[in-house]
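Visitor: Coordinates in start_37.pdb, PDB, N, CA and C atoms, are listed below.
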```pdb
MODEL        1
ATOM      1  N   MET A   1     -35.463 272.717 187.472
ATOM      2  CA  MET A   1     -35.495 272.036 186.199
ATOM      3  C   MET A   1     -35.036 272.985 185.100
ATOM      4  N   SER A   2     -34.386 272.419 184.102
ATOM      5  CA  SER A   2     -33.847 273.207 182.991
ATOM      6  C   SER A   2     -34.098 272.489 181.677
ATOM      7  N   LEU A   3     -34.167 273.265 180.603
ATOM      8  CA  LEU A   3     -34.359 272.700 179.278
ATOM      9  C   LEU A   3     -33.016 272.288 178.684
ATOM     10  N   LEU A   4     -32.990 271.098 178.126
ATOM     11  CA  LEU A   4     -31.816 270.543 177.456
ATOM     12  C   LEU A   4     -32.241 270.076 176.069
ATOM     13  N   VAL A   5     -31.465 270.444 175.059
ATOM     14  CA  VAL A   5     -31.690 269.955 173.700
ATOM     15  C   VAL A   5     -30.464 269.152 173.292
ATOM     16  N   VAL A   6     -30.697 267.922 172.852
ATOM     17  CA  VAL A   6     -29.641 267.062 172.333
ATOM     18  C   VAL A   6     -30.098 266.598 170.959
ATOM     19  N   GLY A   7     -29.264 266.829 169.943
ATOM     20  CA  GLY A   7     -29.704 266.447 168.615
ATOM     21  C   GLY A   7     -28.579 266.234 167.639
ATOM     22  N   LEU A   8     -28.976 265.792 166.461
ATOM     23  CA  LEU A   8     -28.062 265.691 165.341
ATOM     24  C   LEU A   8     -28.841 266.100 164.100
ATOM     25  N   SER A   9     -28.138 266.666 163.135
ATOM     26  CA  SER A   9     -28.793 267.143 161.930
ATOM     27  C   SER A   9     -27.919 266.864 160.720
ATOM     28  N   TYR A  10     -28.428 267.236 159.569
ATOM     29  CA  TYR A  10     -27.671 267.056 158.331
ATOM     30  C   TYR A  10     -26.366 267.848 158.358
ATOM     31  N   ARG A  11     -26.272 268.825 159.227
ATOM     32  CA  ARG A  11     -25.032 269.604 159.352
ATOM     33  C   ARG A  11     -23.987 268.906 160.216
ATOM     34  N   THR A  12     -24.415 267.984 161.075
ATOM     35  CA  THR A  12     -23.481 267.364 162.019
ATOM     36  C   THR A  12     -23.278 265.871 161.802
ATOM     37  N   ALA A  13     -24.143 265.253 160.992
ATOM     38  CA  ALA A  13     -24.089 263.790 160.842
ATOM     39  C   ALA A  13     -24.349 263.396 159.396
ATOM     40  N   PRO A  14     -23.754 262.289 158.959
ATOM     41  CA  PRO A  14     -24.044 261.792 157.612
ATOM     42  C   PRO A  14     -25.490 261.286 157.530
ATOM     43  N   VAL A  15     -26.010 261.269 156.326
ATOM     44  CA  VAL A  15     -27.393 260.833 156.100
ATOM     45  C   VAL A  15     -27.616 259.421 156.638
ATOM     46  N   SER A  16     -26.659 258.543 156.480
ATOM     47  CA  SER A  16     -26.826 257.165 156.961
ATOM     48  C   SER A  16     -27.060 257.125 158.476
ATOM     49  N   LEU A  17     -26.407 258.003 159.218
ATOM     50  CA  LEU A  17     -26.597 258.072 160.664
ATOM     51  C   LEU A  17     -27.953 258.695 160.993
ATOM     52  N   LEU A  18     -28.340 259.725 160.276
ATOM     53  CA  LEU A  18     -29.661 260.322 160.490
ATOM     54  C   LEU A  18     -30.770 259.309 160.243
ATOM     55  N   GLU A  19     -30.600 258.481 159.235
ATOM     56  CA  GLU A  19     -31.602 257.457 158.949
ATOM     57  C   GLU A  19     -31.720 256.465 160.099
ATOM     58  N   ARG A  20     -30.606 256.085 160.695
ATOM     59  CA  ARG A  20     -30.639 255.148 161.830
ATOM     60  C   ARG A  20     -31.241 255.801 163.071
ATOM     61  N   ALA A  21     -31.027 257.102 163.225
ATOM     62  CA  ALA A  21     -31.523 257.812 164.399
ATOM     63  C   ALA A  21     -32.989 258.193 164.290
ATOM     64  N   SER A  22     -33.523 258.256 163.077
ATOM     65  CA  SER A  22     -34.891 258.743 162.887
ATOM     66  C   SER A  22     -35.892 257.903 163.679
ATOM     67  N   ILE A  23     -36.955 258.574 164.111
ATOM     68  CA  ILE A  23     -37.963 257.938 164.954
ATOM     69  C   ILE A  23     -39.313 258.113 164.268
ATOM     70  N   GLY A  24     -39.876 257.016 163.822
ATOM     71  CA  GLY A  24     -41.176 257.040 163.165
ATOM     72  C   GLY A  24     -42.311 257.068 164.182
ATOM     73  N   ALA A  25     -43.516 257.332 163.693
ATOM     74  CA  ALA A  25     -44.685 257.430 164.563
ATOM     75  C   ALA A  25     -44.919 256.153 165.367
ATOM     76  N   ALA A  26     -44.700 255.008 164.758
ATOM     77  CA  ALA A  26     -44.928 253.737 165.456
ATOM     78  C   ALA A  26     -43.929 253.520 166.590
ATOM     79  N   GLU A  27     -42.722 254.044 166.436
ATOM     80  CA  GLU A  27     -41.662 253.860 167.448
ATOM     81  C   GLU A  27     -41.694 254.924 168.547
ATOM     82  N   LEU A  28     -42.363 256.026 168.270
ATOM     83  CA  LEU A  28     -42.308 257.178 169.178
ATOM     84  C   LEU A  28     -42.729 256.864 170.609
ATOM     85  N   PRO A  29     -43.850 256.190 170.854
ATOM     86  CA  PRO A  29     -44.223 255.920 172.260
ATOM     87  C   PRO A  29     -43.145 255.171 173.042
ATOM     88  N   ALA A  30     -42.522 254.180 172.423
ATOM     89  CA  ALA A  30     -41.479 253.416 173.122
ATOM     90  C   ALA A  30     -40.253 254.276 173.397
ATOM     91  N   VAL A  31     -39.875 255.131 172.444
ATOM     92  CA  VAL A  31     -38.715 256.007 172.634
ATOM     93  C   VAL A  31     -38.997 257.026 173.731
ATOM     94  N   LEU A  32     -40.190 257.613 173.724
ATOM     95  CA  LEU A  32     -40.545 258.571 174.774
ATOM     96  C   LEU A  32     -40.530 257.897 176.139
ATOM     97  N   ASP A  33     -41.061 256.691 176.218
ATOM     98  CA  ASP A  33     -41.056 255.947 177.476
ATOM     99  C   ASP A  33     -39.632 255.691 177.954
ATOM    100  N   GLU A  34     -38.773 255.285 177.028
ATOM    101  CA  GLU A  34     -37.374 255.026 177.399
ATOM    102  C   GLU A  34     -36.694 256.299 177.895
ATOM    103  N   LEU A  35     -36.944 257.403 177.228
ATOM    104  CA  LEU A  35     -36.358 258.676 177.658
ATOM    105  C   LEU A  35     -36.875 259.086 179.036
ATOM    106  N   LEU A  36     -38.154 258.905 179.274
ATOM    107  CA  LEU A  36     -38.737 259.297 180.562
ATOM    108  C   LEU A  36     -38.297 258.392 181.704
ATOM    109  N   ARG A  37     -37.791 257.210 181.399
ATOM    110  CA  ARG A  37     -37.264 256.328 182.443
ATOM    111  C   ARG A  37     -35.882 256.769 182.927
ATOM    112  N   GLY A  38     -35.281 257.733 182.245
ATOM    113  CA  GLY A  38     -33.988 258.251 182.689
ATOM    114  C   GLY A  38     -34.107 258.898 184.058
ATOM    115  N   ASP A  39     -33.082 258.788 184.845
ATOM    116  CA  ASP A  39     -33.102 259.315 186.210
ATOM    117  C   ASP A  39     -33.249 260.827 186.266
ATOM    118  N   HIS A  40     -32.862 261.523 185.200
ATOM    119  CA  HIS A  40     -32.794 262.976 185.256
ATOM    120  C   HIS A  40     -33.780 263.683 184.332
ATOM    121  N   VAL A  41     -34.616 262.929 183.628
ATOM    122  CA  VAL A  41     -35.545 263.496 182.658
ATOM    123  C   VAL A  41     -36.955 263.509 183.249
ATOM    124  N   ALA A  42     -37.549 264.711 183.314
ATOM    125  CA  ALA A  42     -38.901 264.842 183.855
ATOM    126  C   ALA A  42     -39.949 264.908 182.752
ATOM    127  N   GLU A  43     -39.655 265.621 181.680
ATOM    128  CA  GLU A  43     -40.558 265.759 180.545
ATOM    129  C   GLU A  43     -39.721 265.701 179.276
ATOM    130  N   VAL A  44     -40.354 265.273 178.178
ATOM    131  CA  VAL A  44     -39.567 265.122 176.953
ATOM    132  C   VAL A  44     -40.446 265.286 175.721
ATOM    133  N   LEU A  45     -39.826 265.812 174.672
ATOM    134  CA  LEU A  45     -40.435 265.938 173.356
ATOM    135  C   LEU A  45     -39.378 265.527 172.345
ATOM    136  N   VAL A  46     -39.773 264.785 171.322
ATOM    137  CA  VAL A  46     -38.844 264.364 170.282
ATOM    138  C   VAL A  46     -39.284 264.960 168.956
ATOM    139  N   LEU A  47     -38.336 265.541 168.244
ATOM    140  CA  LEU A  47     -38.559 266.057 166.903
ATOM    141  C   LEU A  47     -37.713 265.235 165.949
ATOM    142  N   SER A  48     -38.360 264.559 165.014
ATOM    143  CA  SER A  48     -37.641 263.726 164.055
ATOM    144  C   SER A  48     -38.144 264.051 162.660
ATOM    145  N   THR A  49     -37.265 264.630 161.833
ATOM    146  CA  THR A  49     -37.584 264.949 160.449
ATOM    147  C   THR A  49     -36.499 264.337 159.564
ATOM    148  N   CYS A  50     -36.595 264.602 158.275
ATOM    149  CA  CYS A  50     -35.555 264.085 157.381
ATOM    150  C   CYS A  50     -34.225 264.812 157.592
ATOM    151  N   ASN A  51     -34.254 265.983 158.221
ATOM    152  CA  ASN A  51     -33.042 266.783 158.411
ATOM    153  C   ASN A  51     -32.467 266.744 159.818
ATOM    154  N   ARG A  52     -33.243 266.266 160.790
ATOM    155  CA  ARG A  52     -32.769 266.323 162.173
ATOM    156  C   ARG A  52     -33.519 265.356 163.065
ATOM    157  N   VAL A  53     -32.863 264.984 164.158
ATOM    158  CA  VAL A  53     -33.489 264.260 165.259
ATOM    159  C   VAL A  53     -33.052 264.994 166.514
ATOM    160  N   GLU A  54     -34.040 265.483 167.267
ATOM    161  CA  GLU A  54     -33.725 266.255 168.469
ATOM    162  C   GLU A  54     -34.583 265.793 169.634
ATOM    163  N   VAL A  55     -33.975 265.796 170.801
ATOM    164  CA  VAL A  55     -34.680 265.514 172.039
ATOM    165  C   VAL A  55     -34.680 266.799 172.853
ATOM    166  N   TYR A  56     -35.872 267.261 173.187
ATOM    167  CA  TYR A  56     -36.057 268.416 174.059
ATOM    168  C   TYR A  56     -36.501 267.856 175.399
ATOM    169  N   ALA A  57     -35.702 268.062 176.432
ATOM    170  CA  ALA A  57     -35.999 267.439 177.716
ATOM    171  C   ALA A  57     -35.906 268.448 178.852
ATOM    172  N   GLU A  58     -36.826 268.326 179.774
ATOM    173  CA  GLU A  58     -36.771 269.065 181.027
ATOM    174  C   GLU A  58     -35.985 268.169 181.981
ATOM    175  N   VAL A  59     -34.820 268.646 182.415
ATOM    176  CA  VAL A  59     -33.921 267.810 183.218
ATOM    177  C   VAL A  59     -33.594 268.482 184.543
ATOM    178  N   ASP A  60     -33.251 267.666 185.531
ATOM    179  CA  ASP A  60     -32.876 268.231 186.827
ATOM    180  C   ASP A  60     -31.381 268.517 186.933
ATOM    181  N   ARG A  61     -30.587 267.866 186.088
ATOM    182  CA  ARG A  61     -29.136 268.089 186.070
ATOM    183  C   ARG A  61     -28.637 268.005 184.640
ATOM    184  N   PHE A  62     -27.726 268.891 184.274
ATOM    185  CA  PHE A  62     -27.213 268.919 182.914
ATOM    186  C   PHE A  62     -26.540 267.604 182.538
ATOM    187  N   HIS A  63     -25.520 267.199 183.287
ATOM    188  CA  HIS A  63     -24.738 266.023 182.909
ATOM    189  C   HIS A  63     -25.573 264.745 182.952
ATOM    190  N   GLY A  64     -26.410 264.615 183.964
ATOM    191  CA  GLY A  64     -27.273 263.439 184.051
ATOM    192  C   GLY A  64     -28.276 263.390 182.910
ATOM    193  N   GLY A  65     -28.890 264.529 182.600
ATOM    194  CA  GLY A  65     -29.838 264.594 181.492
ATOM    195  C   GLY A  65     -29.168 264.336 180.160
ATOM    196  N   LEU A  66     -27.966 264.862 179.985
ATOM    197  CA  LEU A  66     -27.216 264.627 178.756
ATOM    198  C   LEU A  66     -26.894 263.145 178.599
ATOM    199  N   GLN A  67     -26.494 262.498 179.665
ATOM    200  CA  GLN A  67     -26.190 261.062 179.613
ATOM    201  C   GLN A  67     -27.445 260.256 179.298
ATOM    202  N   ASP A  68     -28.550 260.579 179.966
ATOM    203  CA  ASP A  68     -29.801 259.846 179.735
ATOM    204  C   ASP A  68     -30.248 259.953 178.280
ATOM    205  N   THR A  69     -30.276 261.156 177.739
ATOM    206  CA  THR A  69     -30.767 261.353 176.376
ATOM    207  C   THR A  69     -29.784 260.815 175.336
ATOM    208  N   SER A  70     -28.508 261.052 175.538
ATOM    209  CA  SER A  70     -27.492 260.571 174.600
ATOM    210  C   SER A  70     -27.470 259.047 174.534
ATOM    211  N   SER A  71     -27.668 258.404 175.663
ATOM    212  CA  SER A  71     -27.669 256.936 175.699
ATOM    213  C   SER A  71     -28.805 256.361 174.865
ATOM    214  N   VAL A  72     -29.978 256.968 174.960
ATOM    215  CA  VAL A  72     -31.114 256.478 174.176
ATOM    216  C   VAL A  72     -30.841 256.676 172.685
ATOM    217  N   LEU A  73     -30.360 257.851 172.308
ATOM    218  CA  LEU A  73     -30.052 258.095 170.896
ATOM    219  C   LEU A  73     -28.959 257.153 170.394
ATOM    220  N   ALA A  74     -27.942 256.934 171.198
ATOM    221  CA  ALA A  74     -26.842 256.048 170.791
ATOM    222  C   ALA A  74     -27.342 254.620 170.568
ATOM    223  N   ARG A  75     -28.189 254.131 171.460
ATOM    224  CA  ARG A  75     -28.738 252.781 171.285
ATOM    225  C   ARG A  75     -29.529 252.690 169.976
ATOM    226  N   ARG A  76     -30.299 253.708 169.670
ATOM    227  CA  ARG A  76     -31.076 253.704 168.422
ATOM    228  C   ARG A  76     -30.165 253.629 167.203
ATOM    229  N   CYS A  77     -29.009 254.270 167.301
ATOM    230  CA  CYS A  77     -28.077 254.324 166.168
ATOM    231  C   CYS A  77     -27.136 253.132 166.125
ATOM    232  N   GLY A  78     -27.111 252.339 167.183
ATOM    233  CA  GLY A  78     -26.194 251.210 167.236
ATOM    234  C   GLY A  78     -24.759 251.642 167.498
ATOM    235  N   LEU A  79     -24.596 252.742 168.205
ATOM    236  CA  LEU A  79     -23.263 253.264 168.530
ATOM    237  C   LEU A  79     -23.115 253.407 170.031
ATOM    238  N   ASP A  80     -21.880 253.584 170.485
ATOM    239  CA  ASP A  80     -21.682 253.954 171.873
ATOM    240  C   ASP A  80     -21.797 255.484 171.965
ATOM    241  N   VAL A  81     -21.968 255.987 173.171
ATOM    242  CA  VAL A  81     -22.176 257.428 173.365
ATOM    243  C   VAL A  81     -21.002 258.254 172.846
ATOM    244  N   PRO A  82     -19.747 257.885 173.122
ATOM    245  CA  PRO A  82     -18.645 258.706 172.590
ATOM    246  C   PRO A  82     -18.635 258.802 171.062
ATOM    247  N   SER A  83     -18.953 257.698 170.385
ATOM    248  CA  SER A  83     -18.965 257.736 168.915
ATOM    249  C   SER A  83     -20.089 258.616 168.394
ATOM    250  N   LEU A  84     -21.262 258.506 168.994
ATOM    251  CA  LEU A  84     -22.380 259.355 168.574
ATOM    252  C   LEU A  84     -22.111 260.804 168.957
ATOM    253  N   GLY A  85     -21.428 261.002 170.076
ATOM    254  CA  GLY A  85     -21.152 262.351 170.575
ATOM    255  C   GLY A  85     -20.429 263.232 169.578
ATOM    256  N   GLU A  86     -19.679 262.642 168.681
ATOM    257  CA  GLU A  86     -18.985 263.416 167.652
ATOM    258  C   GLU A  86     -19.958 264.127 166.717
ATOM    259  N   HIS A  87     -21.200 263.647 166.665
ATOM    260  CA  HIS A  87     -22.198 264.189 165.741
ATOM    261  C   HIS A  87     -23.301 264.968 166.440
ATOM    262  N   LEU A  88     -23.307 264.967 167.766
ATOM    263  CA  LEU A  88     -24.370 265.626 168.523
ATOM    264  C   LEU A  88     -24.077 267.100 168.755
ATOM    265  N   TYR A  89     -25.144 267.855 168.885
ATOM    266  CA  TYR A  89     -25.041 269.212 169.410
ATOM    267  C   TYR A  89     -25.909 269.274 170.654
ATOM    268  N   VAL A  90     -25.536 270.143 171.553
ATOM    269  CA  VAL A  90     -26.212 270.246 172.838
ATOM    270  C   VAL A  90     -26.452 271.722 173.131
ATOM    271  N   HIS A  91     -27.669 272.018 173.562
ATOM    272  CA  HIS A  91     -28.023 273.364 173.998
ATOM    273  C   HIS A  91     -28.675 273.234 175.373
ATOM    274  N   TYR A  92     -28.413 274.210 176.242
ATOM    275  CA  TYR A  92     -28.902 274.135 177.612
ATOM    276  C   TYR A  92     -29.429 275.486 178.052
ATOM    277  N   GLU A  93     -30.493 275.465 178.818
ATOM    278  CA  GLU A  93     -31.144 276.634 179.385
ATOM    279  C   GLU A  93     -31.444 277.684 178.318
ATOM    280  N   ASP A  94     -30.915 278.888 178.416
ATOM    281  CA  ASP A  94     -31.254 279.959 177.471
ATOM    282  C   ASP A  94     -30.898 279.587 176.036
ATOM    283  N   ALA A  95     -29.766 278.935 175.835
ATOM    284  CA  ALA A  95     -29.369 278.530 174.485
ATOM    285  C   ALA A  95     -30.346 277.494 173.921
ATOM    286  N   ALA A  96     -30.910 276.650 174.766
ATOM    287  CA  ALA A  96     -31.894 275.666 174.320
ATOM    288  C   ALA A  96     -33.177 276.352 173.875
ATOM    289  N   VAL A  97     -33.599 277.362 174.603
ATOM    290  CA  VAL A  97     -34.800 278.120 174.229
ATOM    291  C   VAL A  97     -34.576 278.844 172.908
ATOM    292  N   LEU A  98     -33.421 279.467 172.747
ATOM    293  CA  LEU A  98     -33.113 280.136 171.483
ATOM    294  C   LEU A  98     -33.100 279.150 170.318
ATOM    295  N   HIS A  99     -32.535 277.966 170.546
ATOM    296  CA  HIS A  99     -32.514 276.947 169.494
ATOM    297  C   HIS A  99     -33.935 276.517 169.139
ATOM    298  N   LEU A 100     -34.772 276.311 170.142
ATOM    299  CA  LEU A 100     -36.163 275.924 169.913
ATOM    300  C   LEU A 100     -36.875 276.950 169.039
ATOM    301  N   PHE A 101     -36.722 278.233 169.356
ATOM    302  CA  PHE A 101     -37.357 279.281 168.556
ATOM    303  C   PHE A 101     -36.774 279.343 167.151
ATOM    304  N   SER A 102     -35.499 279.091 167.018
ATOM    305  CA  SER A 102     -34.852 279.083 165.697
ATOM    306  C   SER A 102     -35.413 277.958 164.827
ATOM    307  N   VAL A 103     -35.563 276.780 165.403
ATOM    308  CA  VAL A 103     -36.115 275.632 164.672
ATOM    309  C   VAL A 103     -37.583 275.897 164.320
ATOM    310  N   ALA A 104     -38.331 276.425 165.281
ATOM    311  CA  ALA A 104     -39.753 276.655 165.061
ATOM    312  C   ALA A 104     -40.017 277.723 163.999
ATOM    313  N   SER A 105     -39.117 278.685 163.874
ATOM    314  CA  SER A 105     -39.324 279.775 162.907
ATOM    315  C   SER A 105     -38.712 279.472 161.554
ATOM    316  N   GLY A 106     -38.055 278.328 161.434
ATOM    317  CA  GLY A 106     -37.513 277.890 160.159
ATOM    318  C   GLY A 106     -36.261 278.602 159.818
TER     319      GLY A 106
ENDMDL
END
```
The structure given in the file should be rewritten as structure tokens.

Guide:
Amino acid sequence: MSLLVVGLSYRTAPVSLLERASIGAAELPAVLDELLRGDHVAEVLVLSTCNRVEVYAEVDRFHGGLQDTSSVLARRCGLDVPSLGEHLYVHYEDAAVLHLFSVASG
């Protein structure tokens, strides 16, 4: 298993897209459930603020995990995966851990 981060932020997406992607407390259980139903996602955490929406997932395969997480985010935004992909950033394994620490330390 490996850590995968898929997200979008104010640096990669317009505010209107961030607003569509944002996940409120009431929606979180359903989004987490949908993410965990992915074939390649074992564990998941979602971070949604006014500046970013990120999915931190423990995945068994990079491409499968990326497809699973990107598909859920794209559906939330009302876009197809390729269109949303223009605004996403992806970190995997060591780079994902470094990104996590960077976000956590502000």

Visitor: Given the choices A:Glu27, A:Glu19, A:Glu86, A:Glu93, which gets closest to A:Ala57 if the distance is worked out from only C-alpha atoms?

Guide: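 So, comparing all the options, the nearest one is A:Glu93.
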
Visitor: With only C-alpha atoms as the counted atoms, please give the residues lying no more than 9 Å from A:Leu45, apart from itself and same-chain residues fewer than 6 positions off, as a list in words.

Guide: Leu32, Glu54, Val55, Tyr56 and Ala57 of chain A

Visitor: Rounded to one decimal in Å, what is the spacing between atom CA of A:Ala30 and atom CA of A:Arg75?

Guide: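 The value is 12.9 Å.
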
Visitor: Mind giving me the straight-line distance from atom N of A:Ala25 to atom N of A:Ser48 in Å, one decimal?

Guide: 9.0 Å

Visitor: Among chain A, which ones does DSSP assign to strand (DSSP E or B) (computed from the backbone)? Answer as a list in words.

Guide: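 Written out, the strand (DSSP E or B) residues of chain A are Ser2, Leu3, Leu4, Val5, Val6, Gly7, Leu8, Ser9, Val41, Ala42, Glu43, Val44, Leu45, Val46, Leu47, Ser48, Arg52, Val53, Glu54, Val55, Tyr56, Ala57, Glu58, Val59, Tyr89, Val90, His91 and Tyr92 of chain A.
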
Visitor: What's the separation between atom N of A:Phe62 and atom CA of A:Arg20, in Å to one decimal place?

Guide: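 Between atom N of A:Phe62 and atom CA of A:Arg20 the gap is 26.5 Å.
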
Visitor: Any idea what's packed within 8 Å of A:Tyr10, counting only N, CA and C atoms, ignoring anything in its chain fewer than 2 positions away? Could you give it as a PyMOL selection string?

Guide: chain A and resi 8+12-15+18+50-53

Visitor: Evaluate the PyMOL selection byres (((chain A and resi 41 and name CA) around 10) and name CA) against this structure - the residues, as a list in words, please.

Guide: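 Checking the PyMOL selection byres (((chain A and resi 41 and name CA) around 10) and name CA) against this file, the residues are Met1, Ser2, Leu3, Leu4, Leu35, Leu36, Arg37, Gly38, Asp39, His40, Ala42, Glu43, Val44, Tyr56, Ala57, Glu58, Val59, Asp60, Arg61, Phe62, Gly64, Gly65, Leu66, Asp68 and Thr69 of chain A.
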
Visitor: Kindly list the centre and edge lengths in Å, rounded to one decimal, for the axis-aligned box that covers all listed atoms of stretch 40-50 of chain A plus 5 Å on each of its six sides, as AutoDock Vina command-line options.

Guide:
```
--center_x -36.7 --center_y 263.8 --center_z 171.3 --size_x 17.8 --size_y 14.5 --size_z 37.9
```

Visitor: Name every residue that the PyMOL selection byres (((chain A and resi 100 and name CA) around 12) and name CA) selects in this structure, writing the answer as a ChimeraX atom specification with chains first and numbers rising.

Guide: /A:3-7,45-47,54-57,90-99,101-106
